[in-house]
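As stored in input.cif (mmCIF, C-alpha atoms):
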```
data_coords
#
loop_
_atom_site.label_atom_id
_atom_site.label_comp_id
_atom_site.auth_asym_id
_atom_site.auth_seq_id
_atom_site.Cartn_x
_atom_site.Cartn_y
_atom_site.Cartn_z
CA LEU A 721 -40.28 19.08 -16.60
CA ASN A 722 -41.84 19.08 -13.13
CA TRP A 723 -41.49 17.91 -9.54
CA ASP A 724 -42.87 14.48 -10.49
CA ASN A 725 -40.39 13.55 -13.22
CA ILE A 726 -37.18 15.32 -12.15
CA GLY A 727 -36.06 12.36 -10.07
CA ALA A 728 -36.39 9.93 -12.95
CA LEU A 729 -34.51 12.31 -15.24
CA LEU A 730 -31.59 12.77 -12.87
CA GLY A 731 -31.44 9.05 -12.17
CA SER A 732 -31.22 8.18 -15.86
CA VAL A 733 -28.65 10.77 -17.00
CA ASP A 734 -24.88 10.84 -16.46
CA THR A 735 -24.02 13.63 -18.91
CA PHE A 736 -25.76 16.92 -19.64
CA LEU A 737 -24.94 18.58 -22.97
CA LEU A 738 -25.68 22.27 -22.64
CA ASP A 739 -26.07 24.71 -25.48
CA CYS A 740 -24.71 28.12 -24.46
CA ASP A 741 -26.44 31.15 -25.96
CA GLY A 742 -30.08 31.12 -24.83
CA VAL A 743 -29.47 28.41 -22.23
CA ILE A 744 -26.50 29.51 -20.11
CA TYR A 745 -26.29 33.17 -21.07
CA ARG A 746 -28.10 35.72 -23.18
CA ALA A 747 -26.87 39.08 -24.45
CA GLY A 748 -23.56 38.50 -22.66
CA GLN A 749 -25.20 38.01 -19.24
CA SER A 750 -25.73 34.73 -17.41
CA ILE A 751 -29.36 33.58 -17.24
CA PRO A 752 -30.44 33.46 -13.57
CA GLY A 753 -30.05 30.02 -12.04
CA SER A 754 -28.00 28.55 -14.89
CA PHE A 755 -24.60 28.29 -13.22
CA GLU A 756 -26.15 27.32 -9.88
CA THR A 757 -27.75 24.39 -11.68
CA VAL A 758 -24.48 23.50 -13.42
CA GLN A 759 -22.75 23.30 -10.05
CA TYR A 760 -25.67 21.36 -8.55
CA LEU A 761 -25.46 18.78 -11.33
CA ARG A 762 -21.70 18.48 -10.89
CA ASP A 763 -22.21 17.94 -7.16
CA LEU A 764 -24.51 15.03 -8.09
CA GLY A 765 -21.68 13.54 -10.13
CA LYS A 766 -23.04 14.53 -13.53
CA ARG A 767 -20.69 15.47 -16.32
CA ILE A 768 -21.29 18.89 -17.91
CA VAL A 769 -20.34 19.46 -21.54
CA TYR A 770 -20.97 22.75 -23.31
CA LEU A 771 -21.97 22.16 -26.93
CA THR A 772 -22.31 25.23 -29.15
CA ASN A 773 -22.65 25.79 -32.87
CA ASN A 774 -21.05 29.20 -32.50
CA ASN A 775 -17.76 29.27 -34.41
CA MET A 776 -16.49 32.77 -33.63
CA LYS A 777 -14.20 31.84 -30.73
CA THR A 778 -11.83 29.00 -29.83
CA ARG A 779 -12.67 26.43 -27.20
CA ALA A 780 -10.23 28.11 -24.83
CA GLU A 781 -11.90 31.48 -25.38
CA TYR A 782 -15.34 30.02 -24.70
CA ALA A 783 -14.08 28.32 -21.56
CA GLN A 784 -12.74 31.66 -20.34
CA LYS A 785 -16.06 33.36 -21.14
CA LEU A 786 -17.96 30.73 -19.16
CA LYS A 787 -15.52 31.10 -16.28
CA ASP A 788 -15.93 34.87 -16.30
CA LEU A 789 -19.72 34.51 -16.22
CA GLY A 790 -19.77 32.09 -13.32
CA ASP A 791 -18.49 28.55 -13.97
CA ASP A 792 -15.33 28.34 -11.88
CA HIS A 793 -14.64 24.70 -12.79
CA VAL A 794 -14.98 24.68 -16.58
CA SER A 795 -12.00 23.61 -18.69
CA GLU A 796 -11.31 23.72 -22.40
CA ASP A 797 -12.03 19.99 -22.61
CA ASP A 798 -15.59 20.67 -21.43
CA VAL A 799 -16.35 22.84 -24.48
CA PHE A 800 -17.17 21.64 -28.00
CA THR A 801 -17.69 24.19 -30.76
CA SER A 802 -18.47 23.74 -34.44
CA SER A 803 -15.08 25.25 -35.31
CA TYR A 804 -13.21 22.75 -33.12
CA THR A 805 -15.40 19.99 -34.55
CA ILE A 806 -14.65 20.67 -38.22
CA ALA A 807 -10.90 20.97 -37.54
CA SER A 808 -10.99 17.70 -35.57
CA PHE A 809 -13.01 15.97 -38.27
CA LEU A 810 -10.48 16.89 -40.95
CA ASN A 811 -7.59 15.83 -38.73
CA ASP A 812 -9.22 12.50 -37.87
CA SER A 813 -9.83 11.83 -41.56
CA GLY A 814 -6.13 12.29 -42.33
CA PHE A 815 -6.53 15.53 -44.26
CA SER A 816 -3.06 16.92 -45.03
CA GLU A 817 -3.65 19.44 -47.80
CA THR A 818 -4.65 23.13 -47.63
CA VAL A 819 -8.07 24.55 -46.74
CA TYR A 820 -9.64 27.71 -48.11
CA LEU A 821 -11.15 29.23 -44.99
CA ILE A 822 -14.03 31.69 -44.80
CA GLY A 823 -14.67 32.64 -41.20
CA SER A 824 -13.53 34.27 -38.00
CA SER A 825 -10.14 34.44 -36.33
CA GLY A 826 -11.45 31.92 -33.79
CA LEU A 827 -12.08 29.39 -36.55
CA ALA A 828 -8.61 30.04 -37.98
CA LYS A 829 -6.99 29.56 -34.56
CA GLU A 830 -8.62 26.14 -34.18
CA PHE A 831 -7.11 25.11 -37.52
CA GLU A 832 -3.71 26.45 -36.46
CA LYS A 833 -3.87 24.56 -33.18
CA GLN A 834 -4.53 21.31 -35.02
CA GLY A 835 -1.83 21.98 -37.60
CA ILE A 836 -4.11 22.32 -40.61
CA LYS A 837 -2.82 24.60 -43.36
CA TYR A 838 -5.22 27.23 -44.65
CA ILE A 839 -5.45 30.44 -46.64
CA LYS A 840 -7.89 33.31 -46.10
CA HIS A 841 -8.69 36.47 -48.00
CA ASP A 842 -8.99 39.27 -45.47
CA GLY A 843 -7.79 42.86 -45.23
CA GLU A 844 -4.96 43.62 -47.63
CA ASN A 845 -5.27 40.09 -48.97
CA SER A 846 -8.89 40.62 -50.10
CA LEU A 847 -9.94 39.85 -53.66
CA SER A 848 -11.74 42.36 -55.86
CA VAL A 849 -14.44 41.38 -58.33
CA ASP A 850 -11.89 41.57 -61.14
CA GLY A 851 -9.25 39.85 -59.06
CA VAL A 852 -11.32 36.79 -58.24
CA GLN A 853 -11.90 36.18 -61.95
CA SER A 854 -8.22 36.17 -62.85
CA VAL A 855 -6.44 34.80 -59.79
CA ALA A 856 -4.79 31.41 -60.20
CA LEU A 857 -6.23 28.55 -58.16
CA ASP A 858 -3.75 26.76 -55.89
CA ASP A 859 -3.74 23.02 -56.64
CA ASN A 860 -2.86 22.34 -52.98
CA ILE A 861 -6.26 23.58 -51.82
CA LYS A 862 -8.50 20.55 -51.49
CA ALA A 863 -11.32 21.83 -49.27
CA VAL A 864 -13.44 24.92 -48.64
CA VAL A 865 -14.55 25.46 -45.04
CA MET A 866 -17.10 28.16 -44.29
CA GLY A 867 -18.09 29.61 -40.94
CA ASN A 868 -19.57 32.91 -39.82
CA ASP A 869 -17.66 35.72 -41.47
CA ARG A 870 -18.84 39.21 -40.60
CA ALA A 871 -16.60 40.62 -43.30
CA ILE A 872 -18.02 38.39 -46.01
CA ASP A 873 -17.64 39.74 -49.56
CA PHE A 874 -18.01 38.77 -53.20
CA GLY A 875 -14.32 37.95 -53.54
CA LYS A 876 -14.45 35.24 -50.86
CA ILE A 877 -17.62 33.66 -52.20
CA GLY A 878 -16.32 33.92 -55.75
CA PHE A 879 -13.00 32.27 -54.95
CA ALA A 880 -14.73 29.47 -53.03
CA THR A 881 -17.16 28.98 -55.89
CA ARG A 882 -14.32 28.60 -58.37
CA LEU A 883 -12.50 26.11 -56.12
CA ILE A 884 -15.55 23.89 -55.78
CA LEU A 885 -16.64 24.07 -59.42
CA GLU A 886 -13.25 24.10 -61.13
CA LYS A 887 -11.14 22.03 -58.72
CA ASN A 888 -13.92 19.88 -57.23
CA CYS A 889 -12.83 20.84 -53.71
CA ASP A 890 -14.72 19.34 -50.78
CA PHE A 891 -17.23 21.74 -49.22
CA TYR A 892 -17.73 22.01 -45.45
CA ALA A 893 -19.68 24.35 -43.17
CA THR A 894 -19.28 24.79 -39.43
CA ASN A 895 -23.06 24.96 -38.92
CA LEU A 896 -26.29 26.00 -40.59
CA ASP A 897 -27.99 28.14 -37.93
CA SER A 898 -30.00 30.57 -40.03
CA THR A 899 -30.03 33.49 -37.61
CA TRP A 900 -27.80 35.27 -35.14
CA VAL A 901 -29.85 36.69 -32.27
CA THR A 902 -28.27 39.87 -30.89
CA PRO A 903 -29.44 41.86 -27.85
CA THR A 904 -31.31 44.26 -30.12
CA CYS A 905 -32.27 42.38 -33.29
CA ILE A 906 -32.03 39.25 -35.42
CA LEU A 907 -29.29 39.10 -38.06
CA PRO A 908 -28.19 36.48 -40.61
CA GLY A 909 -26.43 33.48 -39.09
CA THR A 910 -23.83 31.16 -40.58
CA GLY A 911 -26.44 29.13 -42.45
CA SER A 912 -27.69 32.20 -44.28
CA LEU A 913 -24.17 32.98 -45.45
CA VAL A 914 -23.48 29.37 -46.41
CA SER A 915 -26.63 29.34 -48.56
CA TRP A 916 -25.03 32.02 -50.76
CA LEU A 917 -22.19 29.64 -51.60
CA SER A 918 -24.27 26.45 -51.76
CA THR A 919 -26.68 28.11 -54.19
CA ALA A 920 -23.78 29.17 -56.42
CA VAL A 921 -22.20 25.71 -56.56
CA GLY A 922 -25.40 23.66 -56.53
CA ARG A 923 -24.12 21.53 -53.69
CA GLN A 924 -24.82 21.25 -49.98
CA PRO A 925 -21.86 21.19 -47.58
CA ILE A 926 -20.88 18.56 -45.07
CA VAL A 927 -21.91 20.22 -41.80
CA ALA A 928 -19.94 19.98 -38.55
CA GLY A 929 -22.33 21.43 -35.99
CA LYS A 930 -25.59 20.25 -34.44
CA PRO A 931 -27.64 18.35 -35.52
CA SER A 932 -25.09 16.65 -37.80
CA ASN A 933 -23.55 13.26 -37.20
CA VAL A 934 -20.07 14.84 -37.45
CA ILE A 935 -20.26 16.59 -34.09
CA TYR A 936 -21.86 13.50 -32.56
CA GLU A 937 -18.96 11.28 -33.62
CA ILE A 938 -16.36 13.80 -32.41
CA LEU A 939 -18.19 14.20 -29.11
CA VAL A 940 -18.44 10.46 -28.47
CA SER A 941 -14.83 9.81 -29.47
CA ARG A 942 -13.52 12.55 -27.16
CA THR A 943 -15.79 11.99 -24.14
CA GLY A 944 -16.91 8.36 -24.33
CA LEU A 945 -20.44 9.37 -23.37
CA ASN A 946 -23.33 6.93 -23.53
CA PRO A 947 -26.06 8.65 -25.57
CA GLN A 948 -28.82 6.75 -23.79
CA ARG A 949 -27.65 8.27 -20.49
CA THR A 950 -27.21 11.77 -21.90
CA CYS A 951 -29.56 14.75 -22.01
CA MET A 952 -29.24 17.54 -24.58
CA VAL A 953 -30.51 20.89 -23.27
CA GLY A 954 -31.03 23.67 -25.80
CA ASP A 955 -33.21 26.50 -27.04
CA ARG A 956 -33.38 25.64 -30.76
CA LEU A 957 -35.64 22.90 -32.06
CA ASP A 958 -33.88 22.37 -35.41
CA THR A 959 -30.38 22.06 -33.93
CA ASP A 960 -30.34 21.17 -30.22
CA ILE A 961 -33.53 19.15 -29.88
CA LEU A 962 -33.19 17.44 -33.25
CA PHE A 963 -29.61 16.52 -32.32
CA GLY A 964 -30.73 14.91 -29.07
CA ASN A 965 -33.70 13.12 -30.61
CA SER A 966 -31.67 11.80 -33.55
CA ASN A 967 -29.01 10.25 -31.32
CA GLU A 968 -31.13 8.40 -28.73
CA MET A 969 -30.53 11.06 -26.09
CA LYS A 970 -33.06 12.72 -23.87
CA SER A 971 -33.85 16.24 -25.01
CA MET A 972 -34.92 19.30 -23.06
CA LEU A 973 -36.09 22.60 -24.52
CA VAL A 974 -35.72 25.78 -22.50
CA MET A 975 -37.73 28.88 -23.36
CA THR A 976 -35.02 31.43 -22.58
CA GLY A 977 -33.69 31.54 -26.14
CA VAL A 978 -35.02 31.67 -29.69
CA THR A 979 -37.99 29.27 -29.57
CA ASN A 980 -41.38 30.55 -28.51
CA GLU A 981 -44.55 28.67 -27.63
CA GLU A 982 -46.14 29.20 -31.04
CA GLU A 983 -43.10 27.74 -32.84
CA LEU A 984 -43.05 24.77 -30.48
CA GLN A 985 -46.71 23.98 -31.02
CA GLY A 986 -46.28 24.10 -34.79
CA SER A 987 -43.12 22.00 -34.93
CA LYS A 988 -42.72 18.34 -35.84
CA ILE A 989 -39.59 18.29 -33.68
CA VAL A 990 -40.76 17.54 -30.15
CA PRO A 991 -38.54 17.66 -27.04
CA GLN A 992 -38.93 14.99 -24.39
CA PHE A 993 -38.89 17.70 -21.73
CA LYS A 994 -39.76 21.38 -21.82
CA THR A 995 -39.17 23.93 -19.10
CA PHE A 996 -38.76 27.67 -18.75
CA CYS A 997 -35.06 27.76 -17.90
CA LEU A 998 -32.10 25.58 -16.96
CA GLY A 999 -32.45 26.72 -13.35
CA ASP A 1000 -35.71 24.77 -13.12
CA ILE A 1001 -33.71 21.53 -12.85
CA LYS A 1002 -32.29 22.52 -9.49
CA ARG A 1003 -35.54 24.18 -8.41
CA PHE A 1004 -37.61 21.07 -9.03
CA ALA A 1005 -34.97 18.71 -7.65
CA THR A 1006 -34.64 20.61 -4.38
CA ASN A 1007 -38.37 21.46 -4.05
CA GLN A 1008 -37.70 25.18 -4.08
#
```
Written as structure tokens, how would this file's structure read?
Amino acid sequence: LNWDNIGALLGSVDTFLLDCDGVIYRAGQSIPGSFETVQYLRDLGKRIVYLTNNNMKTRAEYAQKLKDLGDDHVSEDDVFTSSYTIASFLNDSGFSETVYLIGSSGLAKEFEKQGIKYIKHDGENSLSVDGVQSVALDDNIKAVVMGNDRAIDFGKIGFATRLILEKNCDFYATNLDSTWVTPTCILPGTGSLVSWLSTAVGRQPIVAGKPSNVIYEILVSRTGLNPQRTCMVGDRLDTDILFGNSNEMKSMLVMTGVTNEEELQGSKIVPQFKTFCLGDIKRFATNQ
């Protein structure tokens, strides 16, 4: 991205899809220039949609977080998460049975909001190694949905494994991001946890988050966006940029998140635009 091509970009895009962590904020703090650029784009008449694979919070909770950090005009309808996406996908498909849910309270709340029945094994309801071998399987459970669960244990994986192998339950994952980048280190992400279950059952899940077609279909059905006049801005090549490239969108990589120059040079996934940070859009457009 530069002073020469910013005009063509802005003239050809109506909607900007913005990943959050590594693009808008990092380590709980807004990245300088990000919200100023969001407001600048809105002032130009562009639609802003936040699109995150994070499944730990509800859409409403993410909207409040964005508001607290600096976006005074964001609403819940402007936020799409992988947890909202999988709940919406099941609802749209007419799913009316019970889900076995492995994940956060935020994921559970999205299912509650959409009226989808679920069971979880947490706290006093946890399953021991012996318990998971003997517990009866509920015939009403027809799907296993897995998100990021920071209290993951053998009982949950064991119960899900039995449901998929013995009851042939459908298998879904919110997203497959392999890592969770914290302010101090890199930890396993949802995809790393999902691989535990997928290895056990010998089956890959249907995935809700970027770069899957599921989140694309939900996004288009809810917003009516034209992909050819949309730009996906993100910091991950294998989720954000691949999602944009696979759906005829423009794609822009920012270097304020997980991808470094060495990874970019060695990748077969190539963004249409690359810039240091989201704030460069306003900087280039206003010749600052």
Under the rule of at most 7 Å, produce a per-residue listing of stretch 915-965 of chain A near stretch 972-976 of chain A: chain, number, name, the closest pair of atoms, and the distance in Å, as JSON lines, using all atoms listed in the file.
```
{"residue": "A:Met952", "atom": "CA", "partner": "A:Met972", "partner_atom": "CA", "distance": 6.1}
{"residue": "A:Val953", "atom": "CA", "partner": "A:Met972", "partner_atom": "CA", "distance": 4.7}
{"residue": "A:Gly954", "atom": "CA", "partner": "A:Leu973", "partner_atom": "CA", "distance": 5.3}
{"residue": "A:Asp955", "atom": "CA", "partner": "A:Val974", "partner_atom": "CA", "distance": 5.2}
{"residue": "A:Ile961", "atom": "CA", "partner": "A:Leu973", "partner_atom": "CA", "distance": 6.9}
```
Nearest-residue call for A:Asp788, choices A:Tyr820, A:Tyr745, A:Phe809, A:Arg956, using all atoms listed in the file: A:Tyr745
Between atom CA of A:Asn933 and atom CA of A:Ser802, what distance in Å does the model show, to one decimal?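 Pair atom CA of A:Asn933 / atom CA of A:Ser802 returns 12.0 Å.
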Written as a PyMOL selection string, which residues does the PyMOL selection byres ((chain A and resi 828-844) around 9) give for the file shown? chain A and resi 777-779+803-804+806-808+810-811+815-827+845-847+861+871+875-876
Take the residues just selected and output them with C-alpha atoms as a compact mmCIF listing (two decimals), keeping the file's coordinate frame.
```
# COMPACT_ATOMS: atom_id res chain seq x y z
CA LYS A 777 -14.20 31.84 -30.73
CA THR A 778 -11.83 29.00 -29.83
CA ARG A 779 -12.67 26.43 -27.20
CA SER A 803 -15.08 25.25 -35.31
CA TYR A 804 -13.21 22.75 -33.12
CA ILE A 806 -14.65 20.67 -38.22
CA ALA A 807 -10.90 20.97 -37.54
CA SER A 808 -10.99 17.70 -35.57
CA LEU A 810 -10.48 16.89 -40.95
CA ASN A 811 -7.59 15.83 -38.73
CA PHE A 815 -6.53 15.53 -44.26
CA SER A 816 -3.06 16.92 -45.03
CA GLU A 817 -3.65 19.44 -47.80
CA THR A 818 -4.65 23.13 -47.63
CA VAL A 819 -8.07 24.55 -46.74
CA TYR A 820 -9.64 27.71 -48.11
CA LEU A 821 -11.15 29.23 -44.99
CA ILE A 822 -14.03 31.69 -44.80
CA GLY A 823 -14.67 32.64 -41.20
CA SER A 824 -13.53 34.27 -38.00
CA SER A 825 -10.14 34.44 -36.33
CA GLY A 826 -11.45 31.92 -33.79
CA LEU A 827 -12.08 29.39 -36.55
CA ASN A 845 -5.27 40.09 -48.97
CA SER A 846 -8.89 40.62 -50.10
CA LEU A 847 -9.94 39.85 -53.66
CA ILE A 861 -6.26 23.58 -51.82
CA ALA A 871 -16.60 40.62 -43.30
CA GLY A 875 -14.32 37.95 -53.54
CA LYS A 876 -14.45 35.24 -50.86
```
For a quick check of your reading of the model, name the residues lying within 12 Å of the coordinate (-39.8, 18.7, -36.8), counting all atoms listed in the file, and write them as an mmCIF file with C-alpha atoms, in the frame of the given file.
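Here's the written file out25.cif:
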```
data_model
loop_
_atom_site.group_PDB
_atom_site.id
_atom_site.type_symbol
_atom_site.label_atom_id
_atom_site.label_comp_id
_atom_site.auth_asym_id
_atom_site.auth_seq_id
_atom_site.Cartn_x
_atom_site.Cartn_y
_atom_site.Cartn_z
ATOM 1 C CA ARG A 956 -33.380 25.640 -30.760
ATOM 2 C CA LEU A 957 -35.640 22.900 -32.060
ATOM 3 C CA ASP A 958 -33.880 22.370 -35.410
ATOM 4 C CA THR A 959 -30.380 22.060 -33.930
ATOM 5 C CA ASP A 960 -30.340 21.170 -30.220
ATOM 6 C CA ILE A 961 -33.530 19.150 -29.880
ATOM 7 C CA LEU A 962 -33.190 17.440 -33.250
ATOM 8 C CA PHE A 963 -29.610 16.520 -32.320
ATOM 9 C CA ASN A 965 -33.700 13.120 -30.610
ATOM 10 C CA SER A 966 -31.670 11.800 -33.550
ATOM 11 C CA GLU A 983 -43.100 27.740 -32.840
ATOM 12 C CA LEU A 984 -43.050 24.770 -30.480
ATOM 13 C CA GLN A 985 -46.710 23.980 -31.020
ATOM 14 C CA GLY A 986 -46.280 24.100 -34.790
ATOM 15 C CA SER A 987 -43.120 22.000 -34.930
ATOM 16 C CA LYS A 988 -42.720 18.340 -35.840
ATOM 17 C CA ILE A 989 -39.590 18.290 -33.680
ATOM 18 C CA VAL A 990 -40.760 17.540 -30.150
ATOM 19 C CA PRO A 991 -38.540 17.660 -27.040
#
```
Ranking A:Leu945, A:Gly922, A:Val978, A:Thr899 by minimum distance to A:Arg746 and counting all atoms listed in the file, which one comes first?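 Checking each of A:Leu945, A:Gly922, A:Val978, A:Thr899 against A:Arg746, counting all atoms listed in the file, the winner is A:Val978.
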Name the residues in contact with stretch 992-1001 of chain A at a cut-off of 10 Å, using all atoms listed in the file, excluding same-chain residues fewer than 3 positions from it; report them as JSON, numbers by chain. {"A": [721, 722, 723, 725, 726, 727, 729, 730, 738, 742, 743, 744, 751, 752, 753, 754, 755, 756, 757, 758, 760, 761, 951, 953, 954, 955, 961, 964, 965, 969, 970, 971, 972, 973, 974, 975, 976, 977, 984, 989, 1004, 1005, 1006, 1007, 1008]}
To test your reading of the syntax: which residues would the PyMOL selection byres ((chain A and resi 900-909) around 8) return for the file shown? Reply as number ranges by chain. A: 746-747, 868, 896-899, 910-913, 978
Contacts of stretch 914-919 of chain A at 8 Å or less, counting only C-alpha atoms, minus same-chain residues fewer than 5 places along, as JSON, numbers by chain? {"A": [866, 867, 877, 880, 881, 893, 896, 924, 925]}
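Taking atom CA of A:Asp791 as the reference point, atom CA of A:Thr805 is found at 22.5 Å.
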Nearest candidate to A:Ala928 (options A:Asp858, A:Gly944, A:Thr801, A:Gly731; using only C-alpha atoms):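 The shortest atom-to-atom distance to A:Ala928 comes from A:Thr801.
Straight-line separation from atom CA of A:Ser795 to atom CA of A:Lys930: 21.1 Å.
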I need the output of the PyMOL selection byres ((chain A and resi 766) around 9) for this file as a ChimeraX atom specification; which residues are they? /A:730,733-736,760-765,767-768
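Using only C-alpha atoms, the nearest neighbour of A:Thr950 within the list A:Val864, A:Arg882, A:Asp850, A:Ser732 is A:Ser732.
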